[in-house]
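Shown next: protein_30.cif, given as mmCIF, C-alpha atoms.
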data_final
loop_
_atom_site.label_atom_id
_atom_site.label_comp_id
_atom_site.auth_asym_id
_atom_site.auth_seq_id
_atom_site.Cartn_x
_atom_site.Cartn_y
_atom_site.Cartn_z
CA MET W 1 -40.20 -19.34 -17.77
CA SER W 2 -42.74 -20.37 -20.42
CA ASP W 3 -40.72 -18.67 -23.13
CA LEU W 4 -37.88 -21.20 -22.72
CA SER W 5 -37.70 -24.25 -24.99
CA GLU W 6 -36.99 -27.74 -23.65
CA GLN W 7 -33.32 -27.31 -24.60
CA ASP W 8 -32.95 -23.94 -22.87
CA LEU W 9 -31.46 -23.82 -19.38
CA ASP W 10 -31.70 -20.76 -17.12
CA VAL W 11 -28.30 -20.88 -15.40
CA GLN W 12 -29.38 -19.12 -12.20
CA ALA W 13 -32.44 -21.34 -11.84
CA PHE W 14 -30.09 -24.32 -12.35
CA ILE W 15 -27.77 -23.09 -9.57
CA ASN W 16 -30.78 -22.45 -7.31
CA ARG W 17 -32.25 -25.95 -7.58
CA HIS W 18 -29.08 -27.98 -6.95
CA PRO W 19 -27.17 -28.33 -3.65
CA PHE W 20 -24.02 -26.27 -3.27
CA SER W 21 -21.54 -28.62 -4.94
CA PRO W 22 -17.91 -29.47 -4.06
CA PHE W 23 -16.94 -27.48 -7.17
CA GLN W 24 -18.71 -24.37 -5.83
CA TRP W 25 -17.02 -24.87 -2.45
CA LEU W 26 -13.71 -24.96 -4.32
CA VAL W 27 -14.55 -21.60 -5.94
CA PHE W 28 -15.48 -20.31 -2.47
CA ALA W 29 -12.20 -21.54 -0.95
CA THR W 30 -10.13 -20.00 -3.76
CA CYS W 31 -11.86 -16.61 -3.40
CA PHE W 32 -11.57 -16.87 0.41
CA PHE W 33 -7.80 -17.32 0.19
CA ILE W 34 -7.53 -14.45 -2.31
CA VAL W 35 -9.28 -12.18 0.19
CA LEU W 36 -7.21 -13.61 3.07
CA MET W 37 -4.00 -12.75 1.19
CA ASP W 38 -5.51 -9.32 0.52
CA GLY W 39 -6.01 -8.80 4.26
CA PHE W 40 -2.51 -10.00 5.09
CA ASP W 41 -0.77 -7.78 2.54
CA THR W 42 -2.92 -4.73 3.31
CA ALA W 43 -2.11 -4.92 7.03
CA ALA W 44 1.56 -5.93 6.64
CA ILE W 45 2.92 -2.38 6.51
CA GLY W 46 1.40 -1.57 9.91
CA PHE W 47 3.06 -4.57 11.53
CA ILE W 48 6.52 -3.78 10.17
CA ALA W 49 6.32 0.00 10.76
CA PRO W 50 8.12 -0.01 14.17
CA SER W 51 10.98 -2.03 12.66
CA LEU W 52 11.24 0.37 9.74
CA LEU W 53 11.49 3.35 12.09
CA LYS W 54 14.28 1.67 14.02
CA GLU W 55 16.32 0.24 11.11
CA TRP W 56 16.17 3.33 8.89
CA GLY W 57 16.33 5.88 11.72
CA LEU W 58 13.05 7.56 10.72
CA GLY W 59 10.62 9.77 12.58
CA LYS W 60 6.95 8.81 12.63
CA PRO W 61 5.86 11.56 10.18
CA ALA W 62 8.24 10.11 7.55
CA LEU W 63 6.09 6.95 7.40
CA ALA W 64 2.95 8.83 6.33
CA PRO W 65 3.58 8.45 2.55
CA VAL W 66 4.22 4.71 2.91
CA LEU W 67 1.12 4.17 5.03
CA SER W 68 -1.12 6.14 2.66
CA ALA W 69 0.38 4.82 -0.60
CA ALA W 70 -1.45 1.50 -0.34
CA LEU W 71 -4.76 3.30 0.32
CA PHE W 72 -4.45 5.28 -2.90
CA GLY W 73 -3.38 2.11 -4.71
CA LEU W 74 -6.40 0.22 -3.34
CA ALA W 75 -8.72 2.92 -4.68
CA ALA W 76 -7.02 2.99 -8.10
CA GLY W 77 -7.01 -0.80 -8.40
CA ALA W 78 -10.72 -1.09 -7.64
CA LEU W 79 -11.73 1.73 -9.99
CA ILE W 80 -9.70 0.25 -12.87
CA ALA W 81 -10.42 -3.44 -12.38
CA GLY W 82 -14.23 -3.37 -12.17
CA PRO W 83 -14.89 -2.20 -15.74
CA LEU W 84 -12.09 -4.49 -17.01
CA ALA W 85 -13.67 -7.52 -15.32
CA ASP W 86 -17.06 -6.78 -16.90
CA ARG W 87 -15.35 -6.57 -20.29
CA LEU W 88 -12.57 -9.19 -20.09
CA GLY W 89 -13.91 -11.57 -17.44
CA ARG W 90 -13.60 -12.13 -13.70
CA ARG W 91 -11.03 -14.94 -13.95
CA LEU W 92 -8.42 -13.09 -16.01
CA VAL W 93 -8.58 -9.90 -13.95
CA LEU W 94 -8.40 -11.86 -10.69
CA MET W 95 -5.32 -13.77 -11.81
CA VAL W 96 -3.54 -10.62 -12.99
CA SER W 97 -4.45 -8.88 -9.71
CA VAL W 98 -2.94 -11.68 -7.61
CA LEU W 99 0.17 -11.66 -9.81
CA VAL W 100 0.57 -7.89 -9.41
CA PHE W 101 0.25 -7.76 -5.63
CA GLY W 102 2.45 -10.86 -5.24
CA LEU W 103 5.26 -9.41 -7.36
CA ALA W 104 5.01 -5.96 -5.76
CA CYS W 105 4.95 -7.32 -2.19
CA ALA W 106 7.94 -9.57 -2.91
CA ALA W 107 9.82 -6.61 -4.41
CA SER W 108 8.92 -4.53 -1.33
CA SER W 109 10.90 -6.97 0.82
CA MET W 110 14.04 -5.88 -1.07
CA ALA W 111 13.37 -2.12 -0.99
CA GLY W 112 16.47 -0.12 -0.13
CA GLY W 113 14.79 3.07 0.95
CA LEU W 114 11.58 4.87 1.81
CA ASP W 115 10.88 6.20 -1.70
CA ALA W 116 11.17 2.77 -3.30
CA LEU W 117 8.98 1.21 -0.61
CA THR W 118 6.33 3.92 -1.10
CA VAL W 119 6.12 3.24 -4.85
CA LEU W 120 5.99 -0.52 -4.34
CA ARG W 121 3.25 -0.21 -1.70
CA PHE W 122 1.21 1.82 -4.18
CA VAL W 123 1.62 -0.92 -6.82
CA THR W 124 0.78 -3.57 -4.21
CA GLY W 125 -2.36 -1.59 -3.40
CA ILE W 126 -3.41 -1.60 -7.07
CA GLY W 127 -3.30 -5.40 -7.14
CA LEU W 128 -5.06 -5.74 -3.79
CA GLY W 129 -7.74 -3.21 -4.75
CA ALA W 130 -8.43 -5.07 -7.99
CA ALA W 131 -8.61 -8.50 -6.36
CA MET W 132 -11.17 -7.87 -3.62
CA PRO W 133 -14.22 -6.72 -5.67
CA ASN W 134 -13.67 -9.39 -8.31
CA ALA W 135 -13.51 -12.15 -5.71
CA VAL W 136 -16.80 -10.86 -4.26
CA THR W 137 -18.36 -10.69 -7.73
CA LEU W 138 -17.22 -14.16 -8.81
CA ILE W 139 -18.41 -16.04 -5.72
CA SER W 140 -21.74 -14.18 -5.75
CA GLU W 141 -22.34 -15.36 -9.33
CA PHE W 142 -21.90 -19.01 -8.30
CA CYS W 143 -24.29 -18.76 -5.34
CA PRO W 144 -27.98 -19.74 -5.21
CA ASP W 145 -30.27 -16.77 -4.63
CA GLY W 146 -31.35 -17.97 -1.18
CA ARG W 147 -27.77 -18.25 0.16
CA ARG W 148 -25.92 -15.54 -1.77
CA ALA W 149 -25.45 -13.01 1.02
CA VAL W 150 -24.41 -15.49 3.72
CA ILE W 151 -21.86 -17.22 1.45
CA THR W 152 -20.48 -13.93 0.09
CA ASN W 153 -20.19 -12.47 3.59
CA ALA W 154 -18.48 -15.64 4.86
CA MET W 155 -15.93 -15.33 2.04
CA PHE W 156 -15.38 -11.66 2.93
CA CYS W 157 -14.42 -12.73 6.48
CA GLY W 158 -11.11 -13.87 5.00
CA PHE W 159 -9.99 -10.23 5.01
CA PRO W 160 -9.96 -9.59 8.79
CA LEU W 161 -8.69 -13.14 9.33
CA GLY W 162 -5.76 -12.44 6.98
CA ALA W 163 -5.01 -9.18 8.77
CA ALA W 164 -5.11 -10.91 12.18
CA CYS W 165 -2.89 -13.78 10.96
CA GLY W 166 -0.47 -11.17 9.66
CA GLY W 167 -0.15 -9.72 13.14
CA PHE W 168 0.57 -13.08 14.77
CA LEU W 169 3.03 -14.12 12.06
CA ALA W 170 4.80 -10.75 12.13
CA ALA W 171 5.22 -10.97 15.91
CA TRP W 172 6.93 -14.35 15.43
CA MET W 173 8.89 -13.70 12.20
CA ILE W 174 10.35 -10.22 12.78
CA PRO W 175 12.48 -11.19 15.84
CA HIS W 176 13.86 -14.18 13.92
CA TRP W 177 14.27 -12.89 10.35
CA GLY W 178 13.49 -9.16 10.36
CA TRP W 179 10.72 -7.09 8.80
CA ARG W 180 11.61 -8.06 5.24
CA SER W 181 10.54 -11.65 5.91
CA VAL W 182 6.92 -10.55 6.43
CA LEU W 183 6.78 -8.86 3.03
CA ALA W 184 8.60 -11.82 1.43
CA LEU W 185 5.90 -14.19 2.76
CA GLY W 186 3.23 -11.80 1.48
CA GLY W 187 4.89 -12.03 -1.94
CA VAL W 188 5.52 -15.79 -2.12
CA ALA W 189 2.12 -17.02 -0.91
CA PRO W 190 0.18 -15.40 -3.80
CA PHE W 191 2.25 -17.38 -6.31
CA ALA W 192 1.14 -20.66 -4.74
CA LEU W 193 -2.41 -19.35 -4.87
CA LEU W 194 -1.97 -18.34 -8.50
CA LEU W 195 -0.96 -21.90 -9.38
CA LEU W 196 -4.14 -23.19 -7.75
CA MET W 197 -6.24 -20.59 -9.57
CA ALA W 198 -4.80 -21.57 -12.96
CA PHE W 199 -6.19 -25.09 -12.58
CA THR W 200 -9.35 -24.61 -10.53
CA LEU W 201 -10.79 -21.11 -10.98
CA PRO W 202 -13.59 -20.95 -13.58
CA GLU W 203 -15.07 -17.99 -15.38
CA SER W 204 -18.47 -16.85 -14.15
CA VAL W 205 -21.20 -18.76 -16.01
CA ARG W 206 -23.58 -15.84 -15.64
CA LEU W 207 -21.06 -13.55 -17.33
CA MET W 208 -20.43 -16.10 -20.10
CA VAL W 209 -24.17 -16.29 -20.80
CA ALA W 210 -24.54 -12.49 -20.68
CA ARG W 211 -21.82 -11.97 -23.29
CA GLY W 212 -22.86 -14.87 -25.51
CA ASP W 213 -19.94 -17.28 -25.03
CA PRO W 214 -20.11 -20.70 -26.80
CA ALA W 215 -22.51 -23.18 -25.18
CA ALA W 216 -19.74 -25.76 -24.84
CA ARG W 217 -17.74 -23.48 -22.48
CA ILE W 218 -20.79 -22.78 -20.34
CA ARG W 219 -21.75 -26.46 -20.27
CA ALA W 220 -18.25 -27.50 -19.14
CA VAL W 221 -18.52 -25.30 -16.03
CA LEU W 222 -22.15 -26.15 -15.22
CA ARG W 223 -21.49 -29.89 -15.44
CA ARG W 224 -19.09 -29.50 -12.52
CA ILE W 225 -22.06 -28.26 -10.48
CA HIS W 226 -24.42 -31.02 -11.66
CA ALA W 227 -24.20 -33.50 -14.53
CA SER W 228 -27.73 -32.69 -15.74
CA ALA W 229 -26.38 -29.51 -17.38
CA ALA W 230 -25.22 -31.73 -20.26
CA ASP W 231 -28.87 -32.34 -21.24
CA TYR W 232 -29.22 -28.79 -22.57
CA THR W 233 -27.89 -27.09 -25.68
CA HIS W 234 -28.72 -23.44 -24.99
CA TYR W 235 -28.07 -21.45 -21.82
CA VAL W 236 -29.89 -18.27 -20.82
CA THR W 237 -30.44 -15.99 -17.87
CA SER W 238 -33.75 -14.46 -16.85
CA GLU W 239 -32.33 -11.81 -14.53
CA ARG W 240 -33.77 -8.32 -14.80
CA GLN W 241 -32.10 -5.72 -17.02
CA SER W 242 -33.96 -2.65 -15.83
CA GLY W 243 -33.24 0.68 -17.42
CA GLN W 244 -31.57 2.00 -20.51
CA GLY W 245 -27.85 1.42 -20.60
CA THR W 246 -27.81 -1.96 -18.87
CA GLN W 247 -27.00 -3.76 -22.08
CA SER W 248 -23.75 -1.84 -22.54
CA GLY W 249 -22.32 -3.06 -19.23
CA GLY W 250 -19.97 -1.26 -16.84
CA PHE W 251 -20.83 2.38 -16.32
CA GLY W 252 -23.87 2.01 -18.55
CA VAL W 253 -25.37 -0.11 -15.76
CA LEU W 254 -24.23 2.01 -12.81
CA PHE W 255 -25.74 5.18 -14.22
CA ALA W 256 -28.77 3.75 -16.00
CA PRO W 257 -31.96 5.48 -14.78
CA SER W 258 -32.96 2.49 -12.62
CA TYR W 259 -29.59 2.20 -10.89
CA ALA W 260 -27.98 5.67 -10.76
CA PHE W 261 -29.53 6.81 -7.47
CA GLY W 262 -28.86 3.46 -5.79
CA THR W 263 -25.27 3.63 -7.03
CA LEU W 264 -24.75 7.01 -5.34
CA MET W 265 -26.36 5.79 -2.09
CA LEU W 266 -24.12 2.68 -2.01
CA TRP W 267 -21.06 4.89 -2.54
CA LEU W 268 -22.16 7.21 0.27
CA ALA W 269 -22.84 4.34 2.68
CA TYR W 270 -19.50 2.63 2.03
CA PHE W 271 -17.57 5.94 2.08
CA MET W 272 -18.99 6.89 5.48
CA GLY W 273 -18.36 3.40 6.85
CA LEU W 274 -14.66 3.70 6.04
CA VAL W 275 -14.59 7.20 7.52
CA ILE W 276 -15.53 5.54 10.82
CA PHE W 277 -13.16 2.59 10.46
CA TYR W 278 -9.99 4.51 9.63
CA ALA W 279 -10.78 7.41 11.96
CA LEU W 280 -10.99 5.02 14.91
CA VAL W 281 -8.31 2.50 13.95
CA ASN W 282 -5.74 5.24 13.35
CA TRP W 283 -6.63 7.55 16.22
CA MET W 284 -8.15 5.57 19.10
CA PRO W 285 -4.80 4.70 20.75
CA ILE W 286 -3.85 8.39 20.80
CA LEU W 287 -7.31 9.55 21.94
CA PHE W 288 -7.39 6.97 24.74
CA LYS W 289 -3.88 7.93 25.87
CA ASP W 290 -4.88 11.61 25.91
CA ALA W 291 -7.94 10.62 27.97
CA GLY W 292 -5.65 9.26 30.70
CA LEU W 293 -5.14 5.60 29.84
CA ALA W 294 -1.68 4.04 29.98
CA PRO W 295 -0.18 3.74 26.47
CA ARG W 296 -0.15 -0.10 26.54
CA THR W 297 -3.75 -0.25 27.78
CA ALA W 298 -4.85 2.28 25.14
CA THR W 299 -3.24 0.21 22.38
CA LEU W 300 -4.69 -3.12 23.56
CA ILE W 301 -8.23 -1.74 23.86
CA ALA W 302 -8.04 -0.01 20.47
CA ALA W 303 -6.82 -3.29 18.90
CA LEU W 304 -10.19 -4.87 19.72
CA PHE W 305 -12.02 -2.60 17.28
CA PRO W 306 -10.94 -4.20 13.95
CA LEU W 307 -11.39 -7.77 15.27
CA GLY W 308 -15.15 -7.78 14.67
CA GLY W 309 -16.61 -8.97 11.37
CA VAL W 310 -17.58 -12.60 11.91
CA GLY W 311 -21.04 -11.19 12.61
CA ALA W 312 -21.23 -10.63 8.84
CA ILE W 313 -22.18 -14.31 8.51
CA LEU W 314 -25.23 -13.72 10.72
CA PHE W 315 -26.07 -10.59 8.72
CA GLY W 316 -25.73 -12.57 5.50
CA TRP W 317 -28.25 -15.11 6.81
CA LEU W 318 -30.65 -12.27 7.70
CA MET W 319 -30.07 -10.53 4.34
CA ASP W 320 -31.06 -13.71 2.48
CA ARG W 321 -34.36 -13.82 4.39
CA TYR W 322 -35.33 -10.19 4.92
CA ASP W 323 -34.69 -6.88 3.22
CA ALA W 324 -30.90 -6.53 2.87
CA ASN W 325 -30.90 -2.70 2.82
CA ARG W 326 -32.85 -2.54 6.06
CA ILE W 327 -30.71 -5.16 7.83
CA ILE W 328 -27.47 -3.27 7.08
CA ALA W 329 -29.14 0.07 7.95
CA ILE W 330 -29.99 -1.36 11.38
CA GLY W 331 -26.35 -2.41 11.71
CA PHE W 332 -25.19 1.15 11.05
CA ALA W 333 -27.77 2.57 13.49
CA LEU W 334 -26.44 0.28 16.23
CA THR W 335 -22.88 1.23 15.21
CA ALA W 336 -23.72 4.92 15.72
CA ALA W 337 -25.03 4.22 19.22
CA ALA W 338 -22.00 2.10 20.16
CA VAL W 339 -19.42 4.59 18.80
CA PHE W 340 -21.20 7.42 20.64
CA MET W 341 -21.03 5.37 23.85
CA ILE W 342 -17.22 5.01 23.54
CA GLY W 343 -17.01 8.74 24.16
CA GLN W 344 -19.10 8.42 27.32
CA VAL W 345 -17.30 5.59 29.15
CA ALA W 346 -13.59 6.50 28.98
CA GLY W 347 -13.37 6.62 32.78
CA ASN W 348 -14.26 2.93 33.17
CA VAL W 349 -11.64 0.67 31.55
CA GLY W 350 -13.76 -2.49 31.75
CA LEU W 351 -16.81 -0.84 30.21
CA LEU W 352 -14.66 0.93 27.60
CA THR W 353 -13.11 -2.39 26.55
CA LEU W 354 -16.54 -3.98 26.09
CA THR W 355 -17.94 -0.95 24.25
CA VAL W 356 -15.01 -0.79 21.82
CA PHE W 357 -15.36 -4.51 21.03
CA VAL W 358 -19.13 -4.22 20.49
CA ALA W 359 -18.72 -1.10 18.33
CA GLY W 360 -16.06 -2.83 16.23
CA THR W 361 -18.18 -5.94 15.76
CA LEU W 362 -21.23 -3.90 14.69
CA MET W 363 -19.26 -1.57 12.42
CA ASN W 364 -17.28 -4.33 10.69
CA THR W 365 -20.40 -6.47 10.30
CA ALA W 366 -22.37 -3.69 8.61
CA GLN W 367 -19.45 -2.58 6.42
CA SER W 368 -18.52 -6.14 5.39
CA SER W 369 -22.12 -6.77 4.29
CA LEU W 370 -22.20 -3.92 1.76
CA PRO W 371 -20.25 -5.77 -1.01
CA ALA W 372 -22.81 -8.59 -0.93
CA LEU W 373 -25.60 -6.00 -1.16
CA ALA W 374 -23.94 -4.38 -4.18
CA ALA W 375 -23.33 -7.75 -5.85
CA GLY W 376 -27.02 -8.59 -5.53
CA TYR W 377 -28.16 -5.15 -6.67
CA TYR W 378 -26.49 -4.94 -10.09
CA PRO W 379 -27.14 -7.21 -13.11
CA THR W 380 -24.33 -9.35 -14.51
CA PRO W 381 -23.04 -6.95 -17.24
CA GLY W 382 -22.21 -4.29 -14.62
CA ARG W 383 -21.79 -6.27 -11.41
CA ALA W 384 -17.99 -6.16 -11.20
CA THR W 385 -17.96 -2.43 -11.99
CA GLY W 386 -20.68 -1.79 -9.40
CA VAL W 387 -18.93 -3.66 -6.59
CA ALA W 388 -15.46 -2.35 -7.50
CA TRP W 389 -16.46 1.30 -7.76
CA MET W 390 -18.28 1.18 -4.44
CA LEU W 391 -15.10 -0.21 -2.84
CA GLY W 392 -12.88 2.23 -4.75
CA ILE W 393 -14.86 5.36 -3.92
CA GLY W 394 -15.11 4.13 -0.34
CA ARG W 395 -11.31 4.10 0.02
CA PHE W 396 -11.35 7.88 -0.13
CA GLY W 397 -13.55 7.71 2.96
CA GLY W 398 -10.67 5.98 4.70
CA ILE W 399 -8.37 8.84 3.77
CA ALA W 400 -10.99 11.38 4.88
CA GLY W 401 -11.45 9.58 8.21
CA SER W 402 -7.78 9.95 9.07
CA PHE W 403 -7.88 13.69 8.36
CA LEU W 404 -11.24 14.14 10.13
CA VAL W 405 -9.97 13.30 13.61
CA ALA W 406 -6.82 15.35 13.03
CA GLU W 407 -9.00 18.36 12.25
CA LEU W 408 -11.30 17.73 15.23
CA SER W 409 -8.24 17.54 17.48
CA ARG W 410 -6.89 20.76 16.00
CA ARG W 411 -10.19 22.43 16.88
CA GLN W 412 -9.79 21.07 20.43
CA LEU W 413 -13.06 19.15 20.57
CA ALA W 414 -13.58 17.19 23.77
CA PHE W 415 -13.07 13.39 23.82
CA SER W 416 -16.83 12.70 23.84
CA GLN W 417 -17.46 15.22 21.05
CA VAL W 418 -14.95 13.52 18.73
CA PHE W 419 -16.80 10.21 19.05
CA MET W 420 -20.15 11.95 18.61
CA VAL W 421 -19.00 13.38 15.25
CA VAL W 422 -17.64 9.99 14.11
CA ALA W 423 -20.90 8.30 15.17
CA ALA W 424 -22.81 10.71 12.92
CA ALA W 425 -21.10 9.15 9.89
CA ALA W 426 -22.84 5.85 10.70
CA LEU W 427 -26.20 7.63 10.72
CA VAL W 428 -25.44 8.96 7.23
CA SER W 429 -24.77 5.39 6.02
CA MET W 430 -28.02 4.25 7.61
CA ALA W 431 -29.99 7.05 5.95
CA ALA W 432 -28.42 6.37 2.54
CA LEU W 433 -29.52 2.72 2.61
CA LEU W 434 -33.07 3.54 3.76
CA VAL W 435 -33.45 6.20 1.05
CA LYS W 436 -32.10 3.74 -1.55
CA LEU W 437 -34.66 1.18 -0.39
CA ALA W 438 -37.52 3.67 -0.64
CA VAL W 439 -36.53 4.81 -4.15
CA ASP W 440 -35.99 1.25 -5.42
CA ARG W 441 -39.40 0.15 -4.16
CA GLY W 442 -41.01 2.98 -6.07
CA ARG W 443 -39.67 1.73 -9.40
CA PRO W 444 -41.27 -1.15 -11.28
CA GLY W 445 -39.07 -4.21 -11.81
CA MET W 446 -36.51 -3.22 -9.20
CA SER W 447 -35.64 -5.61 -6.37
CA PRO W 448 -35.17 -4.05 -2.93
CA HIS W 449 -32.02 -6.12 -2.53
#

Mind turning the file's structure into structure tokens?
Amino acid sequence: MSDLSEQDLDVQAFINRHPFSPFQWLVFATCFFIVLMDGFDTAAIGFIAPSLLKEWGLGKPALAPVLSAALFGLAAGALIAGPLADRLGRRLVLMVSVLVFGLACAASSMAGGLDALTVLRFVTGIGLGAAMPNAVTLISEFCPDGRRAVITNAMFCGFPLGAACGGFLAAWMIPHWGWRSVLALGGVAPFALLLLMAFTLPESVRLMVARGDPAARIRAVLRRIHASAADYTHYVTSERQSGQGTQSGGFGVLFAPSYAFGTLMLWLAYFMGLVIFYALVNWMPILFKDAGLAPRTATLIAALFPLGGVGAILFGWLMDRYDANRIIAIGFALTAAAVFMIGQVAGNVGLLTLTVFVAGTLMNTAQSSLPALAAGYYPTPGRATGVAWMLGIGRFGGIAGSFLVAELSRRQLAFSQVFMVVAAAALVSMAALLVKLAVDRGRPGMSPH
């Protein structure tokens, strides 16, 4: 720090030495509600699917394009929005993303047929896919180093909460107003959020410093954290910029020599995590029914799996104190053991219920911690691209997971063997993070986090 003059202020050091301010909590709350809306709108199609089948006289296979359209949209939105946010700013891309998924979800409530609904769900997915990584990136850039992972993970918990709230609201709204009311709510709520964002959501100060924005703009945001920011006339950042290409931002960062291998390992870990999630969420009710459970019991037990994720707050606390790669790798190792055990206890309903809940908690905790790891790994010029592309590439793991169990069933693998194969995906995620850690530690100037 000796190279700084008395009028120079390192913005991250400034954030680190002051308590988390009401202004930063406001940024947290705004990002939390963005992610909550993301969870609600992503899950909405699943809650209204039975009503669609009944009203439009469809068979289950006819819903496949609608159910998968949002997944492809989520991938496209993330892949597009990350580089745009590193170039144009987090705030602008976030606001456009919320506008897009609000408009598309509202329009979906008026869809007259399956083809129109499929297109609108794809567009909704683009907005949702763009919003999530930018919310993660923005809140991480307003966090002190010692609390970044726990705060980012806590914000990410808005996603499963939004999905769960969607289920409760759908169960109440559909009997009264029909399935269109759920999509209408998913379209109207983002507009209220957009109004709040217009007045409260700032641009990332770390991004403004990195791209050389006027000092007055940076000062205006920092003063809302602590008034002492007004005592400085020049704002800098001392974060590392390891490797050629980091100055160009976006893909230049992801595939710079110091980051390229870690980028691929993050993609692999997130991809395999979503293989597990979608393989089990989509197929567990059918697998349990085939194993002899009553259909209602199979559905209720399977519904426990996606409820986990609050454990991400505990993991965030551990990631801020110990090596983040190793903490998440342990989470995936425990996930592998728990998923394997599901295949061994199908004959005992009580034990199966407990095992599914534990496996879901471990899996969702590990998976939900990866965005915080990615946000801490990349420097500011490429952070949004890094987080977004990990999420975007990972979405294809969700698609692969759905096809994986279908193929295993076609090959007539036994119940326990299906869960053994799915558990292996968690071991791949674990290995990817441990290899990333080993390679990063071997390079000068690279943080293991």

> What do you get, as a list in words, if you spell out every residue that the PyMOL selection byres ((chain W and resi 354) around 12) selects here?
Replying inline: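 Evaluating the PyMOL selection byres ((chain W and resi 354) around 12) on these coordinates yields Ile301, Ala302, Leu304, Phe305, Ala338, Val339, Met341, Ile342, Val345, Ala346, Asn348, Val349, Gly350, Leu351, Leu352, Thr353, Thr355, Val356, Phe357, Val358, Ala359, Gly360 and Thr361 of chain W.
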
Write to file, as a CSV table (one decimal), in the frame of the given file, the residues of the selection just made, with C-alpha atoms.
chain,number,residue,atom,x,y,z
W,301,ILE,CA,-8.2,-1.7,23.9
W,302,ALA,CA,-8.0,0.0,20.5
W,304,LEU,CA,-10.2,-4.9,19.7
W,305,PHE,CA,-12.0,-2.6,17.3
W,338,ALA,CA,-22.0,2.1,20.2
W,339,VAL,CA,-19.4,4.6,18.8
W,341,MET,CA,-21.0,5.4,23.8
W,342,ILE,CA,-17.2,5.0,23.5
W,345,VAL,CA,-17.3,5.6,29.2
W,346,ALA,CA,-13.6,6.5,29.0
W,348,ASN,CA,-14.3,2.9,33.2
W,349,VAL,CA,-11.6,0.7,31.6
W,350,GLY,CA,-13.8,-2.5,31.8
W,351,LEU,CA,-16.8,-0.8,30.2
W,352,LEU,CA,-14.7,0.9,27.6
W,353,THR,CA,-13.1,-2.4,26.6
W,355,THR,CA,-17.9,-1.0,24.2
W,356,VAL,CA,-15.0,-0.8,21.8
W,357,PHE,CA,-15.4,-4.5,21.0
W,358,VAL,CA,-19.1,-4.2,20.5
W,359,ALA,CA,-18.7,-1.1,18.3
W,360,GLY,CA,-16.1,-2.8,16.2
W,361,THR,CA,-18.2,-5.9,15.8

> When the PyMOL selection byres ((chain W and resi 204-213) around 10) is applied to the file above, which residues end up in the set, as a ChimeraX atom specification?
Replying inline: /W:10-12,85-91,137-142,201-203,214-222,234-237,239,247,249,379-383

Any chance you could tabulate, as a tab-separated table, the residues of segment 258-320 of chain W at most 7 Å from segment 399-421 of chain W with each one's nearest atom pair and distance in Å to one decimal, using all atoms listed in the file, in chain and rising number order?
residue	atom	partner	partner_atom	distance
W:Val275	CA	W:Gly401	CA	4.0
W:Ile276	CA	W:Gly401	CA	6.3
W:Tyr278	CA	W:Gly401	CA	5.5
W:Ala279	CA	W:Gly401	CA	4.4
W:Asn282	CA	W:Ser402	CA	6.7

>> Can you tell me which residues surround Leu74 of chain W at a distance of at most 8 Å, considering only C-alpha atoms, apart from same-chain residues fewer than 3 positions away, and format the answer as a PyMOL selection string?
In response: chain W and resi 70-71+77-78+122+125-130+392+395

>> Let me make sure I understand: among W:Leu433, W:Leu370, W:Leu84, W:Leu266, which one has the smallest atom-to-atom distance to Ala329 of chain W if we use all atoms listed in the file?
In response: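 That would be W:Leu433, the residue with the smallest distance to Ala329 of chain W.
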
> So which one's closest to Ala260 of chain W, W:Gly386, W:Met95, W:Ala164, W:Ala64? Using all atoms listed in the file, please.
Replying inline: W:Gly386

>> Using all atoms listed in the file, which protein or nucleic acid residues come within 8 Å of Gln24 of chain W? Drop anything in the same chain fewer than 2 positions from it, and give the result as a ChimeraX atom specification.
In response: /W:20-22,26-28,142-143,225

>> Translate the PyMOL selection byres ((chain W and resi 34) around 9) into a concrete residue list for this structure, as JSON, numbers by chain.
In response: {"W": [29, 30, 31, 32, 33, 35, 36, 37, 38, 39, 94, 98, 131, 132, 135, 158, 159, 190, 193]}

Quick one: everything within 8 Å of Val123 of chain W, counting only C-alpha atoms, minus sequence neighbours fewer than 6 positions away in the same chain. Send it as an mmCIF file with C-alpha atoms, in the coordinates of the input.
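The file below, part-v1.cif, is the result:
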data_model
loop_
_atom_site.group_PDB
_atom_site.id
_atom_site.type_symbol
_atom_site.label_atom_id
_atom_site.label_comp_id
_atom_site.auth_asym_id
_atom_site.auth_seq_id
_atom_site.Cartn_x
_atom_site.Cartn_y
_atom_site.Cartn_z
ATOM 1 C CA ALA W 70 -1.450 1.500 -0.340
ATOM 2 C CA GLY W 73 -3.380 2.110 -4.710
ATOM 3 C CA VAL W 100 0.570 -7.890 -9.410
ATOM 4 C CA PHE W 101 0.250 -7.760 -5.630
ATOM 5 C CA ALA W 104 5.010 -5.960 -5.760
#

>> For a quick check of understanding, using only C-alpha atoms, which of W:Leu9, W:Leu254, W:Phe288, W:Trp283 has the smallest distance to Thr233 of chain W?
In response: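 The shortest atom-to-atom distance to Thr233 of chain W comes from W:Leu9.
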
>> Give me, as a PyMOL selection string, all polymer residues having an atom no more than 9 Å from Phe261 of chain W, counting only C-alpha atoms and skipping those fewer than 4 positions away in the same chain.
In response: chain W and resi 254-255+257+265-266+436+439-440

> What does the distance between atom CA of Ala76 of chain W and atom CA of Phe396 of chain W come to in Å, to one decimal place?
Replying inline: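 Value for the atom CA of Ala76 of chain W-atom CA of Phe396 of chain W distance: 10.3 Å.
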
> Which residues, written as JSON, numbers by chain, have at least one atom at most 9 Å from Arg180 of chain W, with only C-alpha atoms counted and residues fewer than 3 positions away on the same chain left out?
Replying inline: {"W": [48, 108, 109, 110, 111, 174, 177, 183, 184, 185]}
